[in-house]
file run.pdb (PDB, C-alpha atoms)
ATOM      1  CA  MET A   1     -27.392  30.035 -50.143
ATOM      2  CA  GLY A   2     -30.636  28.097 -50.513
ATOM      3  CA  ARG A   3     -33.183  29.367 -48.042
ATOM      4  CA  ILE A   4     -35.127  27.402 -45.471
ATOM      5  CA  ALA A   5     -38.815  27.777 -46.318
ATOM      6  CA  GLY A   6     -40.402  30.759 -44.624
ATOM      7  CA  VAL A   7     -37.226  32.447 -43.422
ATOM      8  CA  THR A   8     -34.872  35.066 -44.847
ATOM      9  CA  ALA A   9     -31.424  34.441 -46.329
ATOM     10  CA  GLU A  10     -29.865  35.993 -43.228
ATOM     11  CA  GLU A  11     -31.856  33.697 -40.953
ATOM     12  CA  THR A  12     -30.858  30.714 -43.082
ATOM     13  CA  ARG A  13     -27.186  31.660 -42.810
ATOM     14  CA  ALA A  14     -27.524  32.041 -39.049
ATOM     15  CA  LYS A  15     -29.168  28.604 -38.851
ATOM     16  CA  VAL A  16     -26.366  27.041 -40.906
ATOM     17  CA  LEU A  17     -23.691  28.589 -38.691
ATOM     18  CA  ALA A  18     -25.498  27.483 -35.528
ATOM     19  CA  SER A  19     -25.806  23.944 -36.912
ATOM     20  CA  ALA A  20     -22.159  23.965 -37.949
ATOM     21  CA  ALA A  21     -21.074  25.077 -34.467
ATOM     22  CA  SER A  22     -23.193  22.339 -32.883
ATOM     23  CA  VAL A  23     -22.021  19.558 -35.210
ATOM     24  CA  PHE A  24     -18.355  20.581 -35.016
ATOM     25  CA  ALA A  25     -18.608  20.653 -31.205
ATOM     26  CA  ARG A  26     -20.194  17.178 -31.059
ATOM     27  CA  LYS A  27     -18.257  15.437 -33.814
ATOM     28  CA  GLY A  28     -15.001  17.350 -33.916
ATOM     29  CA  TYR A  29     -13.599  19.054 -36.977
ATOM     30  CA  ASP A  30     -12.476  15.837 -38.647
ATOM     31  CA  GLY A  31     -15.599  13.880 -37.706
ATOM     32  CA  ALA A  32     -18.068  16.501 -38.884
ATOM     33  CA  SER A  33     -19.290  16.466 -42.466
ATOM     34  CA  ILE A  34     -21.013  19.031 -44.634
ATOM     35  CA  ALA A  35     -23.838  16.514 -45.130
ATOM     36  CA  GLN A  36     -24.410  16.292 -41.358
ATOM     37  CA  ILE A  37     -24.397  20.073 -41.013
ATOM     38  CA  ALA A  38     -26.757  20.489 -43.969
ATOM     39  CA  ALA A  39     -29.177  17.933 -42.529
ATOM     40  CA  ASP A  40     -29.098  19.637 -39.139
ATOM     41  CA  ALA A  41     -29.737  23.036 -40.742
ATOM     42  CA  GLY A  42     -32.381  21.793 -43.164
ATOM     43  CA  VAL A  43     -30.529  22.845 -46.331
ATOM     44  CA  THR A  44     -28.622  21.020 -49.051
ATOM     45  CA  GLY A  45     -24.897  20.422 -49.026
ATOM     46  CA  GLY A  46     -24.678  22.263 -52.318
ATOM     47  CA  ALA A  47     -26.294  25.304 -50.749
ATOM     48  CA  ILE A  48     -23.648  25.343 -48.041
ATOM     49  CA  TYR A  49     -20.791  24.938 -50.542
ATOM     50  CA  SER A  50     -22.168  27.826 -52.606
ATOM     51  CA  HIS A  51     -21.525  30.103 -49.640
ATOM     52  CA  PHE A  52     -18.605  28.357 -47.895
ATOM     53  CA  PRO A  53     -16.209  26.812 -50.445
ATOM     54  CA  SER A  54     -14.633  24.469 -47.893
ATOM     55  CA  LYS A  55     -15.305  22.863 -44.545
ATOM     56  CA  ALA A  56     -12.410  24.875 -43.118
ATOM     57  CA  GLU A  57     -14.025  28.158 -44.181
ATOM     58  CA  LEU A  58     -17.359  27.061 -42.702
ATOM     59  CA  PHE A  59     -15.584  26.153 -39.475
ATOM     60  CA  VAL A  60     -13.920  29.572 -39.277
ATOM     61  CA  ALA A  61     -17.270  31.294 -39.883
ATOM     62  CA  ALA A  62     -18.984  29.159 -37.226
ATOM     63  CA  LEU A  63     -16.165  29.827 -34.786
ATOM     64  CA  HIS A  64     -16.395  33.557 -35.464
ATOM     65  CA  ALA A  65     -20.169  33.543 -34.972
ATOM     66  CA  HIS A  66     -20.381  31.282 -31.922
ATOM     67  CA  GLY A  67     -16.962  30.413 -30.512
ATOM     68  CA  ALA A  68     -15.861  34.023 -30.144
ATOM     69  CA  ARG A  69     -18.617  34.670 -27.624
ATOM     70  CA  GLU A  70     -17.393  31.775 -25.506
ATOM     71  CA  VAL A  71     -13.839  33.098 -25.649
ATOM     72  CA  ASP A  72     -15.152  36.475 -24.496
ATOM     73  CA  ASN A  73     -16.997  34.798 -21.616
ATOM     74  CA  LEU A  74     -13.916  32.942 -20.400
ATOM     75  CA  LEU A  75     -12.374  35.987 -18.798
ATOM     76  CA  ASP A  76     -15.279  38.385 -18.586
ATOM     77  CA  VAL A  77     -14.397  40.610 -15.630
ATOM     78  CA  ASP A  78     -16.362  43.730 -16.536
ATOM     79  CA  GLY A  79     -17.455  45.858 -13.638
ATOM     80  CA  PRO A  80     -16.167  48.429 -11.129
ATOM     81  CA  PRO A  81     -12.372  48.293 -10.624
ATOM     82  CA  HIS A  82     -12.721  47.731  -6.879
ATOM     83  CA  GLU A  83     -14.647  44.509  -7.617
ATOM     84  CA  ALA A  84     -11.986  43.077  -9.947
ATOM     85  CA  ILE A  85     -10.592  40.683  -7.341
ATOM     86  CA  SER A  86     -13.971  39.185  -6.489
ATOM     87  CA  MET A  87     -14.862  38.906 -10.182
ATOM     88  CA  ILE A  88     -11.632  37.087 -10.997
ATOM     89  CA  ARG A  89     -12.269  34.765  -8.059
ATOM     90  CA  ASP A  90     -15.788  34.078  -9.273
ATOM     91  CA  ARG A  91     -14.539  33.287 -12.790
ATOM     92  CA  GLY A  92     -11.914  30.970 -11.313
ATOM     93  CA  LEU A  93     -14.547  29.084  -9.340
ATOM     94  CA  LEU A  94     -16.433  28.383 -12.571
ATOM     95  CA  LEU A  95     -13.433  26.692 -14.197
ATOM     96  CA  VAL A  96     -14.298  23.330 -12.665
ATOM     97  CA  GLY A  97     -17.703  23.300 -14.361
ATOM     98  CA  LYS A  98     -18.820  20.466 -16.579
ATOM     99  CA  ARG A  99     -18.195  20.256 -20.302
ATOM    100  CA  ASP A 100     -20.574  22.169 -22.578
ATOM    101  CA  ALA A 101     -21.046  22.407 -26.332
ATOM    102  CA  GLN A 102     -19.494  25.840 -26.826
ATOM    103  CA  SER A 103     -16.423  24.896 -24.806
ATOM    104  CA  SER A 104     -16.077  21.821 -27.008
ATOM    105  CA  LEU A 105     -16.123  24.102 -30.058
ATOM    106  CA  ILE A 106     -13.201  26.078 -28.650
ATOM    107  CA  VAL A 107     -11.274  22.864 -27.993
ATOM    108  CA  GLU A 108     -11.901  21.754 -31.572
ATOM    109  CA  ALA A 109     -10.681  25.142 -32.759
ATOM    110  CA  ILE A 110      -7.456  24.773 -30.780
ATOM    111  CA  VAL A 111      -6.860  21.361 -32.355
ATOM    112  CA  ALA A 112      -7.749  22.595 -35.855
ATOM    113  CA  ALA A 113      -5.473  25.622 -35.471
ATOM    114  CA  LYS A 114      -2.448  23.384 -35.948
ATOM    115  CA  ARG A 115      -3.590  22.631 -39.517
ATOM    116  CA  HIS A 116      -5.542  25.731 -40.500
ATOM    117  CA  PRO A 117      -3.845  29.145 -40.282
ATOM    118  CA  ASP A 118      -7.192  30.961 -40.531
ATOM    119  CA  VAL A 119      -8.424  29.227 -37.381
ATOM    120  CA  ALA A 120      -5.153  29.938 -35.575
ATOM    121  CA  ALA A 121      -5.322  33.611 -36.578
ATOM    122  CA  LEU A 122      -8.905  33.969 -35.385
ATOM    123  CA  LEU A 123      -8.118  32.385 -32.020
ATOM    124  CA  ALA A 124      -5.055  34.584 -31.635
ATOM    125  CA  VAL A 125      -7.089  37.732 -32.278
ATOM    126  CA  HIS A 126      -9.766  36.853 -29.748
ATOM    127  CA  PHE A 127      -7.476  35.580 -27.003
ATOM    128  CA  THR A 128      -5.093  38.518 -27.431
ATOM    129  CA  ALA A 129      -8.007  40.938 -27.168
ATOM    130  CA  ASN A 130      -9.304  39.215 -24.041
ATOM    131  CA  GLU A 131      -5.877  39.180 -22.461
ATOM    132  CA  ALA A 132      -5.479  42.908 -23.138
ATOM    133  CA  LYS A 133      -8.947  43.586 -21.751
ATOM    134  CA  LEU A 134      -8.138  41.655 -18.592
ATOM    135  CA  ALA A 135      -4.829  43.505 -18.177
ATOM    136  CA  ALA A 136      -6.657  46.826 -18.497
ATOM    137  CA  ARG A 137      -9.136  45.744 -15.800
ATOM    138  CA  LEU A 138      -6.260  44.811 -13.493
ATOM    139  CA  GLU A 139      -4.514  48.135 -14.118
ATOM    140  CA  ALA A 140      -7.761  49.950 -13.288
ATOM    141  CA  ALA A 141      -8.017  47.914 -10.087
ATOM    142  CA  GLN A 142      -4.469  48.948  -9.171
ATOM    143  CA  ALA A 143      -5.311  52.595  -9.799
ATOM    144  CA  ALA A 144      -8.391  52.210  -7.569
ATOM    145  CA  GLY A 145      -6.310  50.710  -4.774
ATOM    146  CA  ALA A 146      -8.050  47.325  -4.926
ATOM    147  CA  LEU A 147      -5.085  45.429  -6.394
ATOM    148  CA  ASP A 148      -1.524  45.341  -5.115
ATOM    149  CA  GLY A 149       0.464  47.801  -7.226
ATOM    150  CA  THR A 150       3.391  45.383  -7.491
ATOM    151  CA  VAL A 151       1.319  42.719  -9.260
ATOM    152  CA  PRO A 152       2.616  42.265 -12.840
ATOM    153  CA  VAL A 153      -0.690  42.616 -14.664
ATOM    154  CA  GLU A 154       0.478  41.245 -18.026
ATOM    155  CA  ALA A 155       1.911  38.113 -16.414
ATOM    156  CA  VAL A 156      -1.224  37.600 -14.328
ATOM    157  CA  SER A 157      -3.412  38.102 -17.402
ATOM    158  CA  ARG A 158      -1.441  35.471 -19.323
ATOM    159  CA  PHE A 159      -1.641  33.092 -16.370
ATOM    160  CA  LEU A 160      -5.412  33.467 -16.179
ATOM    161  CA  VAL A 161      -5.786  32.886 -19.928
ATOM    162  CA  MET A 162      -3.634  29.760 -19.639
ATOM    163  CA  LEU A 163      -5.664  28.560 -16.659
ATOM    164  CA  SER A 164      -8.911  29.061 -18.570
ATOM    165  CA  LEU A 165      -7.622  27.232 -21.648
ATOM    166  CA  GLY A 166      -6.342  24.397 -19.477
ATOM    167  CA  ALA A 167      -9.772  24.098 -17.889
ATOM    168  CA  LEU A 168     -11.365  23.741 -21.334
ATOM    169  CA  LEU A 169      -8.950  20.974 -22.306
ATOM    170  CA  LEU A 170      -9.520  19.102 -19.057
ATOM    171  CA  ARG A 171     -13.282  19.315 -19.563
ATOM    172  CA  ALA A 172     -12.842  17.858 -23.042
ATOM    173  CA  MET A 173     -11.121  14.817 -21.506
ATOM    174  CA  ASP A 174     -13.962  14.329 -19.010
ATOM    175  CA  LEU A 175     -11.551  13.896 -16.105
ATOM    176  CA  PRO A 176     -13.092  13.317 -12.671
ATOM    177  CA  GLN A 177     -14.178  16.540 -10.996
ATOM    178  CA  VAL A 178     -12.038  17.853  -8.157
ATOM    179  CA  ASP A 179     -13.682  18.577  -4.830
ATOM    180  CA  GLU A 180     -15.471  21.919  -5.201
ATOM    181  CA  ASP A 181     -14.632  23.022  -1.645
ATOM    182  CA  ASP A 182     -10.943  22.295  -2.202
ATOM    183  CA  TRP A 183     -11.011  24.181  -5.500
ATOM    184  CA  SER A 184     -12.778  27.118  -3.875
ATOM    185  CA  THR A 185     -10.155  27.235  -1.108
ATOM    186  CA  LEU A 186      -7.320  27.182  -3.651
ATOM    187  CA  ILE A 187      -8.770  29.895  -5.898
ATOM    188  CA  THR A 188      -9.760  32.134  -2.983
ATOM    189  CA  ASP A 189      -6.277  31.867  -1.471
ATOM    190  CA  LEU A 190      -4.551  32.460  -4.808
ATOM    191  CA  VAL A 191      -6.642  35.488  -5.755
ATOM    192  CA  SER A 192      -6.426  37.013  -2.290
ATOM    193  CA  ARG A 193      -2.671  37.310  -2.770
ATOM    194  CA  PHE A 194      -3.346  39.941  -5.440
ATOM    195  CA  SER A 195      -5.394  42.147  -3.121
ATOM    196  CA  SER A 196      -4.068  45.466  -1.977
ATOM    197  CA  GLN A 197      -3.480  45.882   1.745
ATOM    198  CA  SER A 198      -5.334  49.197   1.581
ATOM    199  CA  PRO A 199      -9.116  49.070   1.972
ATOM    200  CA  ALA A 200     -11.116  48.930  -1.218
ATOM    201  CA  PRO A 201     -13.091  52.046  -2.065
ATOM    202  CA  PRO A 202     -16.836  51.930  -1.369
TER     203      PRO A 202
END

call {"tool": "encode", "arguments": {"input": "run.pdb", "output": "structure tokens"}}
result
Amino acid sequence: MGRIAGVTAEETRAKVLASAASVFARKGYDGASIAQIAADAGVTGGAIYSHFPSKAELFVAALHAHGAREVDNLLDVDGPPHEAISMIRDRGLLLVGKRDAQSSLIVEAIVAAKRHPDVAALLAVHFTANEAKLAARLEAAQAAGALDGTVPVEAVSRFLVMLSLGALLLRAMDLPQVDEDDWSTLITDLVSRFSSQSPAPP
């Protein structure tokens, strides 16, 4: 790939992928062009094509480099098992946030997945991994006595993934925001139903 003056090939590649992620998020997969991405990155279109033979392959690379992190952040509930309930609640409260560029990239990936198997496969890998990670956190919370032992962790994990994806799609449509207090009441009530009746460990 042709380098940007004064930077390494690796830095140039990183710049191209960052520009691709930004342009795809703003313009959509169909609306984005290699020429726009090249101009944003400060390289030639030919330089991009020498490394990424097609726009689809560039999109997959950009999604892997930038979209995957956003997928990971959707259901990031790392922390002590006895804090799992509060962490899930906190993540739920963030679902009514405003649209951002990385979320738009994920939405574009979901749309593109219908036409590009590579995109669909990449999304499946990342969402499956996040769902499994969330289920493991819930199982640890059950073992710690912080989560009701009768809660079906796999079903709850799938529900939370679906809720997060739905939030991304609603943000993409720029629907009017719901009342934050009402949303907080709903999420707090919903999540509290998962809590164990036994006191959480210190």

call {"tool": "resolve_selection", "arguments": {"input": "run.pdb", "expression": "the PyMOL selection byres ((chain A and resi 15-25) around 6)", "output": "list in words"}}
result
Thr12, Arg13, Ala14, Arg26, Lys27, Gly28, Tyr29, Ala32, Ile37, Asp40, Ala41, Ala62, Ala101, Ser104 and Leu105 of chain A

call {"tool": "resolve_selection", "arguments": {"input": "run.pdb", "expression": "the PyMOL selection byres ((chain A and resi 82-86) around 8)", "output": "ChimeraX atom specification"}}
result
/A:77-81,87-90,137-138,141,144-147,191-192,194-195,200-201

call {"tool": "atom_distance", "arguments": {"input": "run.pdb", "atom1": "atom CA of A:Pro152", "atom2": "atom CA of A:Leu165"}}
result
20.2 Å

call {"tool": "resolve_selection", "arguments": {"input": "run.pdb", "expression": "the PyMOL selection byres ((chain A and resi 122) around 10)", "output": "MDAnalysis selection string"}}
result
chainID A and resid 60:61 63:64 68 109 113 117:121 123:128

call {"tool": "closest_residue", "arguments": {"input": "run.pdb", "among": "A:Val107, A:Leu94, A:Ala129, A:Ala35", "to": "A:Met173", "atoms": "all atoms listed in the file"}}
result
A:Val107

call {"tool": "residues_around", "arguments": {"input": "run.pdb", "residues": "stretch 184-189 of chain A", "least_positions_apart": "4", "cutoff": "7 Å", "atoms": "all atoms listed in the file", "output": "MDAnalysis selection string"}}
result
chainID A and resid 89 92:93 180 193

call {"tool": "closest_residue", "arguments": {"input": "run.pdb", "among": "A:Ile106, A:Glu154, A:Ala143, A:Ala112", "to": "A:Leu168", "atoms": "all atoms listed in the file"}}
result
A:Ile106

call {"tool": "axis_aligned_box", "arguments": {"input": "run.pdb", "around": "stretch 35-54 of chain A", "padding_each_side": "4 Å", "output": "AutoDock Vina command-line options"}}
result
--center_x -23.5 --center_y 23.2 --center_z -45.9 --size_x 25.7 --size_y 21.8 --size_z 21.5

call {"tool": "atom_distance", "arguments": {"input": "run.pdb", "atom1": "atom CA of A:Leu170", "atom2": "atom CA of A:Val96"}}
result
9.0 Å

call {"tool": "atom_distance", "arguments": {"input": "run.pdb", "atom1": "atom CA of A:Gln177", "atom2": "atom CA of A:Asp30"}}
result
27.7 Å

call {"tool": "residues_around", "arguments": {"input": "run.pdb", "residues": "A:Ser157", "least_positions_apart": "5", "cutoff": "9 Å", "atoms": "only C-alpha atoms", "output": "list in words"}}
result
Asn130, Glu131, Ala132, Lys133, Leu134, Ala135, Leu138, Pro152 and Met162 of chain A

call {"tool": "decode", "arguments": {"input": "run.pdb", "residues": "stretch 134-177 of chain A", "atoms": "N, CA and C atoms", "output": "mmCIF file, in the first residue's frame"}}
result
data_model
loop_
_atom_site.group_PDB
_atom_site.id
_atom_site.type_symbol
_atom_site.label_atom_id
_atom_site.label_comp_id
_atom_site.auth_asym_id
_atom_site.auth_seq_id
_atom_site.Cartn_x
_atom_site.Cartn_y
_atom_site.Cartn_z
ATOM 1 N N LEU A 134 -21.196 -13.099 28.219
ATOM 2 C CA LEU A 134 -22.238 -12.615 29.112
ATOM 3 C C LEU A 134 -22.850 -13.772 29.895
ATOM 4 N N ALA A 135 -23.101 -14.904 29.224
ATOM 5 C CA ALA A 135 -23.650 -16.066 29.916
ATOM 6 C C ALA A 135 -22.709 -16.543 31.018
ATOM 7 N N ALA A 136 -21.417 -16.525 30.743
ATOM 8 C CA ALA A 136 -20.440 -16.940 31.759
ATOM 9 C C ALA A 136 -20.468 -15.994 32.954
ATOM 10 N N ARG A 137 -20.625 -14.682 32.696
ATOM 11 C CA ARG A 137 -20.710 -13.722 33.798
ATOM 12 C C ARG A 137 -21.956 -13.977 34.640
ATOM 13 N N LEU A 138 -23.064 -14.311 33.985
ATOM 14 C CA LEU A 138 -24.300 -14.573 34.716
ATOM 15 C C LEU A 138 -24.185 -15.853 35.530
ATOM 16 N N GLU A 139 -23.539 -16.874 34.976
ATOM 17 C CA GLU A 139 -23.337 -18.116 35.721
ATOM 18 C C GLU A 139 -22.456 -17.872 36.947
ATOM 19 N N ALA A 140 -21.431 -17.029 36.787
ATOM 20 C CA ALA A 140 -20.572 -16.694 37.925
ATOM 21 C C ALA A 140 -21.363 -15.941 38.991
ATOM 22 N N ALA A 141 -22.276 -15.076 38.546
ATOM 23 C CA ALA A 141 -23.110 -14.337 39.495
ATOM 24 C C ALA A 141 -24.041 -15.290 40.247
ATOM 25 N N GLN A 142 -24.549 -16.306 39.549
ATOM 26 C CA GLN A 142 -25.381 -17.305 40.227
ATOM 27 C C GLN A 142 -24.567 -18.063 41.270
ATOM 28 N N ALA A 143 -23.350 -18.450 40.900
ATOM 29 C CA ALA A 143 -22.499 -19.184 41.832
ATOM 30 C C ALA A 143 -22.148 -18.340 43.054
ATOM 31 N N ALA A 144 -22.080 -17.010 42.862
ATOM 32 C CA ALA A 144 -21.751 -16.102 43.965
ATOM 33 C C ALA A 144 -22.977 -15.738 44.792
ATOM 34 N N GLY A 145 -24.148 -16.183 44.367
ATOM 35 C CA GLY A 145 -25.363 -15.886 45.107
ATOM 36 C C GLY A 145 -25.965 -14.532 44.814
ATOM 37 N N ALA A 146 -25.468 -13.854 43.765
ATOM 38 C CA ALA A 146 -25.978 -12.523 43.428
ATOM 39 C C ALA A 146 -27.099 -12.573 42.403
ATOM 40 N N LEU A 147 -27.264 -13.715 41.740
ATOM 41 C CA LEU A 147 -28.281 -13.864 40.700
ATOM 42 C C LEU A 147 -29.124 -15.081 41.011
ATOM 43 N N ASP A 148 -30.422 -14.935 40.883
ATOM 44 C CA ASP A 148 -31.356 -16.030 41.119
ATOM 45 C C ASP A 148 -30.909 -17.259 40.332
ATOM 46 N N GLY A 149 -30.755 -18.383 41.030
ATOM 47 C CA GLY A 149 -30.290 -19.607 40.391
ATOM 48 C C GLY A 149 -31.233 -20.187 39.367
ATOM 49 N N THR A 150 -32.500 -19.736 39.353
ATOM 50 C CA THR A 150 -33.453 -20.259 38.376
ATOM 51 C C THR A 150 -33.453 -19.468 37.072
ATOM 52 N N VAL A 151 -32.694 -18.380 37.028
ATOM 53 C CA VAL A 151 -32.645 -17.558 35.814
ATOM 54 C C VAL A 151 -31.959 -18.337 34.696
ATOM 55 N N PRO A 152 -32.610 -18.485 33.535
ATOM 56 C CA PRO A 152 -31.985 -19.191 32.407
ATOM 57 C C PRO A 152 -30.956 -18.285 31.725
ATOM 58 N N VAL A 153 -29.685 -18.482 32.049
ATOM 59 C CA VAL A 153 -28.665 -17.526 31.641
ATOM 60 C C VAL A 153 -28.522 -17.405 30.122
ATOM 61 N N GLU A 154 -28.672 -18.507 29.396
ATOM 62 C CA GLU A 154 -28.531 -18.423 27.937
ATOM 63 C C GLU A 154 -29.660 -17.606 27.327
ATOM 64 N N ALA A 155 -30.880 -17.792 27.836
ATOM 65 C CA ALA A 155 -32.015 -17.028 27.325
ATOM 66 C C ALA A 155 -31.866 -15.552 27.666
ATOM 67 N N VAL A 156 -31.422 -15.260 28.880
ATOM 68 C CA VAL A 156 -31.228 -13.865 29.279
ATOM 69 C C VAL A 156 -30.118 -13.224 28.445
ATOM 70 N N SER A 157 -29.047 -13.977 28.204
ATOM 71 C CA SER A 157 -27.955 -13.448 27.381
ATOM 72 C C SER A 157 -28.444 -13.114 25.979
ATOM 73 N N ARG A 158 -29.230 -14.001 25.382
ATOM 74 C CA ARG A 158 -29.768 -13.730 24.046
ATOM 75 C C ARG A 158 -30.691 -12.517 24.065
ATOM 76 N N PHE A 159 -31.512 -12.408 25.101
ATOM 77 C CA PHE A 159 -32.409 -11.264 25.216
ATOM 78 C C PHE A 159 -31.632 -9.956 25.284
ATOM 79 N N LEU A 160 -30.551 -9.942 26.055
ATOM 80 C CA LEU A 160 -29.765 -8.725 26.197
ATOM 81 C C LEU A 160 -29.037 -8.364 24.903
ATOM 82 N N VAL A 161 -28.577 -9.376 24.166
ATOM 83 C CA VAL A 161 -27.969 -9.116 22.858
ATOM 84 C C VAL A 161 -29.013 -8.529 21.914
ATOM 85 N N MET A 162 -30.198 -9.113 21.901
ATOM 86 C CA MET A 162 -31.275 -8.608 21.042
ATOM 87 C C MET A 162 -31.648 -7.181 21.424
ATOM 88 N N LEU A 163 -31.708 -6.899 22.711
ATOM 89 C CA LEU A 163 -32.052 -5.562 23.176
ATOM 90 C C LEU A 163 -30.990 -4.554 22.722
ATOM 91 N N SER A 164 -29.730 -4.947 22.820
ATOM 92 C CA SER A 164 -28.647 -4.059 22.411
ATOM 93 C C SER A 164 -28.681 -3.795 20.907
ATOM 94 N N LEU A 165 -28.903 -4.849 20.125
ATOM 95 C CA LEU A 165 -28.987 -4.675 18.671
ATOM 96 C C LEU A 165 -30.188 -3.806 18.300
ATOM 97 N N GLY A 166 -31.304 -4.032 18.969
ATOM 98 C CA GLY A 166 -32.483 -3.205 18.705
ATOM 99 C C GLY A 166 -32.225 -1.747 19.007
ATOM 100 N N ALA A 167 -31.464 -1.482 20.069
ATOM 101 C CA ALA A 167 -31.133 -0.101 20.415
ATOM 102 C C ALA A 167 -30.300 0.549 19.313
ATOM 103 N N LEU A 168 -29.355 -0.212 18.736
ATOM 104 C CA LEU A 168 -28.546 0.331 17.647
ATOM 105 C C LEU A 168 -29.403 0.694 16.442
ATOM 106 N N LEU A 169 -30.353 -0.187 16.101
ATOM 107 C CA LEU A 169 -31.205 0.074 14.946
ATOM 108 C C LEU A 169 -32.110 1.280 15.179
ATOM 109 N N LEU A 170 -32.620 1.414 16.386
ATOM 110 C CA LEU A 170 -33.466 2.567 16.695
ATOM 111 C C LEU A 170 -32.668 3.865 16.643
ATOM 112 N N ARG A 171 -31.418 3.821 17.112
ATOM 113 C CA ARG A 171 -30.571 5.011 17.014
ATOM 114 C C ARG A 171 -30.350 5.406 15.557
ATOM 115 N N ALA A 172 -30.178 4.389 14.704
ATOM 116 C CA ALA A 172 -29.937 4.662 13.286
ATOM 117 C C ALA A 172 -31.122 5.360 12.638
ATOM 118 N N MET A 173 -32.319 5.139 13.169
ATOM 119 C CA MET A 173 -33.526 5.770 12.614
ATOM 120 C C MET A 173 -33.794 7.134 13.236
ATOM 121 N N ASP A 174 -32.974 7.521 14.211
ATOM 122 C CA ASP A 174 -33.128 8.817 14.870
ATOM 123 C C ASP A 174 -34.543 9.038 15.409
ATOM 124 N N LEU A 175 -35.103 8.001 16.019
ATOM 125 C CA LEU A 175 -36.429 8.148 16.628
ATOM 126 C C LEU A 175 -36.337 9.073 17.841
ATOM 127 N N PRO A 176 -37.434 9.704 18.203
ATOM 128 C CA PRO A 176 -37.419 10.572 19.393
ATOM 129 C C PRO A 176 -36.991 9.783 20.629
ATOM 130 N N GLN A 177 -36.226 10.430 21.491
ATOM 131 C CA GLN A 177 -35.753 9.772 22.703
ATOM 132 C C GLN A 177 -36.917 9.553 23.671
#
